[in-house]
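Presented below is the structure to which this report refers.
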Amino acid sequence: MEKISGNINSTCVEFKDFKNYDGQVIPVRGYIHRIREMTGFSFVILRTARDVIQCVYAPEFSDYRWDAKLCEEACVEIHGKVVSSKDAKGNDRYELQIHDIIILSLPAEPLPIVINKKQLDNIQLSTILDLRPVSMRNPRERAIFKLQEGIQRGFRDFLTKQGFTEIHSPKINYAGAEGGTNVFKLDYFGKQVYLAQSPQLYKQAMVGVFQRVFEIAPVFRAEHHDTSRHLNEYISMDFEMGFIDSFEDIMNMETGALKYIMELLKTEYSEEVTLLKADIPVINEIPAIKFMDAKKIIMDKFKYKPSDMKDFDPEEEQLLGKHAKKEFDSDFIFVTHYPSKKRPFYTMDDPADPEYTLSFDLLFRGLEITSGGQRIHDYNEQVAKMEKCGMNPEEFATYLMLHKYGAPPHGGLGLGLERLTMHLLGFKNVREATMFPRDINRVTP
């Protein structure tokens with residue numbers, strides 16, 4: 001019987017390690033990204049999981065002779081000699097002198113779009129999204145989601161270091177977390193259930209177990225928006241923390257997480273940052289302003305008349321972004337103390353003025369990317385607010401276990417991954433920062 005050891009011993013070398021193999025013949029696997037035939041030799045550009053490597057074929061390098069079947073998007077293993085040189089700036093550069101090419105697979109037909117340029121020029125976004133499994137092979141498109149990996153990694157690493165436990169809550173629920181009608185209904189073996197709008201009720205429950213928890217997972221909103229900033233399924237990066245002194249503890253935790261994420265992107269994702277020309281913000285402190293004070297600035301400073309005094313429209317968010325940049329030199333601004341009527345049933349009202357809440361949104365360059373705040377932890381207070389909102393507390397019996405059997409002062413937030421990525425990269429449409437978007441028109445690929 002064959003035994004599997006579990007040891008992973010890849011014989012292929014990553015491009016970042018070429019400096020350790022200068023002058024040696026090594027194996028590398030990937031796709032043939034481009035072939036450029038020159039007089040007497042050819043450039044073979046190899047695309048690996050993260051890099052694009054220049055390889056050179058010339059008969060003088062080895063006994064290998066060109067295989068006529070080789071084409072772009074063929075999967076190959078190239079054996080070649082690592083050769084170093086200096087670029088115009090004096091930096092080390094490496095290429096492979098090809099000694100052998102082993103064909104692992106060949107495409108059945110040519111690609112429907114050209115992906116081997118720096119970016120996908122003159123191709124409509126709808127086409128890029130229709131062909132996502134192929135279009136993401138373009139190095140720039142691929143870099144978007146490598147950078148997005150870094151955002152999630154930074155969020156996870158930072159919170160883990162702060163004593164948070166990662167959880168996974170169910171996405172099929174008996175009731176919606178946020179209330180309202182923007183929920184997807186499902187027939188669940190004859191019972192009506194809903195896709196999760198957020199992990200809110202479950203992460204609050206887990207505060208009673210772990211005190212600090214976080215989750216990175218999809219959430220679903222049945223909103224009939226067809227805008228450049230809305231999706232019906234997106235990735236929410238949530239955390240909830242117990243034994244807080246005030247909702248400002250939550251804002252401080254998010255500030256620390258964002259600072260950590262941005263530093264991680266600049267150091268360990270510098271190639272993607274450079275390729276995408278990402279404008280990574282410097283975060284020291286994030287200013288905060290109360291909701292009604294923000295409204296006053298919008299009306300007095302910018303002479304803009306709001307259409308809703310209980311929330312902000314996109315234009316108001318843009319104006320607040322300009323205010324934060326000019327007054328505080330900050331790409332971020334917290335807006336606190338939202339009206340109680342615009343916040344979910346679990347949000348704690350401000351004891352000093354119950355018309356407002358101990359809650360906040362975080363705006364990044366004029367776009368809301370986070371909602372959060374302090375939660376009600378007293379059982380009777382929570383039941384009373386549910387009834388005030390026209391809800392039946394009996395339908396939330398499992399949620400109320402936290403409150404009934406003892407809950408610490410706690411709060412948390414949800415941060416939209418795609419929106420944060422979108423604004424980091426200066427995109428106009430959140431779908432550009434979504435691997436496989438789901439909106440009111442798109443459910444494929």
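Chain identifiers are assigned as A, B, and so on, following the order in which chains appear in the structure tokens; residues are numbered from 1 within each chain, and ligands are numbered from 1 in order of appearance.
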Please identify all polymer residues within 8 Å of A:Ile216, counting only C-alpha atoms, omitting same-chain residues fewer than 6 positions from it, and present them as JSON, numbers by chain.
{"A": [152, 235, 236, 237, 238]}
Residues of stretch 223-265 of chain A at most 12 Å from stretch 409-412 of chain A: nearest atom pair and distance in Å, only C-alpha atoms, as a Markdown table:
```
| residue | atom | partner | partner_atom | distance |
| --- | --- | --- | --- | --- |
| A:Met237 | CA | A:Gly412 | CA | 10.7 |
| A:Asp238 | CA | A:Gly412 | CA | 7.3 |
| A:Phe239 | CA | A:Gly412 | CA | 5.4 |
| A:Glu240 | CA | A:Gly412 | CA | 4.0 |
| A:Met241 | CA | A:His410 | CA | 5.5 |
| A:Gly242 | CA | A:His410 | CA | 4.1 |
| A:Phe243 | CA | A:Pro409 | CA | 5.1 |
| A:Ile244 | CA | A:His410 | CA | 5.6 |
| A:Asp245 | CA | A:Pro409 | CA | 7.4 |
| A:Ser246 | CA | A:Pro409 | CA | 8.2 |
| A:Phe247 | CA | A:Gly411 | CA | 6.7 |
| A:Glu248 | CA | A:Gly411 | CA | 9.7 |
| A:Asp249 | CA | A:Gly411 | CA | 8.7 |
| A:Ile250 | CA | A:Gly412 | CA | 6.0 |
| A:Met251 | CA | A:Gly412 | CA | 8.7 |
| A:Asn252 | CA | A:Gly412 | CA | 11.1 |
| A:Met253 | CA | A:Gly412 | CA | 9.4 |
| A:Glu254 | CA | A:Gly412 | CA | 9.3 |
```
Residues within 6 Å of stretch 350-356 of chain A, only C-alpha atoms, excluding chain neighbours under 5 positions, as a PDB file with C-alpha atoms, in the first residue's frame:
```
ATOM      1  CA  HIS A 337     -24.583  59.529  17.165  1.00  0.00           C
ATOM      2  CA  TYR A 338     -26.900  58.583  14.309  1.00  0.00           C
ATOM      3  CA  PRO A 339     -30.647  59.069  14.890  1.00  0.00           C
ATOM      4  CA  SER A 340     -32.276  56.169  16.710  1.00  0.00           C
TER       5      SER A 340
END
```
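Rounded to one decimal, atom CA of A:Asp157 and atom CA of A:Val13 lie 27.2 Å from each other.
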According to DSSP computed on the backbone, where in stretch 241-314 of chain A is there strand (DSSP E or B)? Give the residues as a PyMOL selection string.
chain A and resi 241-242+288-290
Go ahead and write the selection's residues with C-alpha atoms as a PDB file, in the first residue's frame.
```pdb
ATOM      1  CA  MET A 241     -16.026  42.994  21.564  1.00  0.00           C
ATOM      2  CA  GLY A 242     -17.258  42.746  25.139  1.00  0.00           C
ATOM      3  CA  ALA A 288     -14.846  61.978  14.599  1.00  0.00           C
ATOM      4  CA  ILE A 289     -17.852  64.263  14.251  1.00  0.00           C
ATOM      5  CA  LYS A 290     -21.414  63.964  15.538  1.00  0.00           C
TER       6      LYS A 290
END
```
Compile the contact shell of A:Asn232 as an mmCIF file with N, CA and C atoms, in the first residue's frame: residues with an atom at most 6 Å away, counting only C-alpha atoms, same-chain residues fewer than 2 positions apart removed.
```
data_model
loop_
_atom_site.group_PDB
_atom_site.id
_atom_site.type_symbol
_atom_site.label_atom_id
_atom_site.label_comp_id
_atom_site.auth_asym_id
_atom_site.auth_seq_id
_atom_site.Cartn_x
_atom_site.Cartn_y
_atom_site.Cartn_z
ATOM 1 N N PHE A 220 -25.946 39.010 2.674
ATOM 2 C CA PHE A 220 -26.874 39.106 1.554
ATOM 3 C C PHE A 220 -27.911 40.187 1.831
ATOM 4 N N ARG A 221 -28.099 41.072 0.874
ATOM 5 C CA ARG A 221 -29.076 42.148 0.994
ATOM 6 C C ARG A 221 -29.956 42.164 -0.257
ATOM 7 N N ALA A 222 -31.246 41.986 -0.067
ATOM 8 C CA ALA A 222 -32.184 41.954 -1.201
ATOM 9 C C ALA A 222 -32.627 43.369 -1.551
ATOM 10 N N ARG A 438 -22.514 39.694 -7.507
ATOM 11 C CA ARG A 438 -23.916 39.314 -7.511
ATOM 12 C C ARG A 438 -24.721 40.588 -7.257
ATOM 13 N N ASP A 439 -25.477 40.993 -8.302
ATOM 14 C CA ASP A 439 -26.332 42.150 -8.165
ATOM 15 C C ASP A 439 -27.699 41.795 -8.756
#
```
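Comparing the minimum interatomic distances between A:Phe15 and each of A:Phe328, A:Trp66, A:Phe158, A:Tyr94, counting only C-alpha atoms, we find that A:Tyr94 sits nearest.
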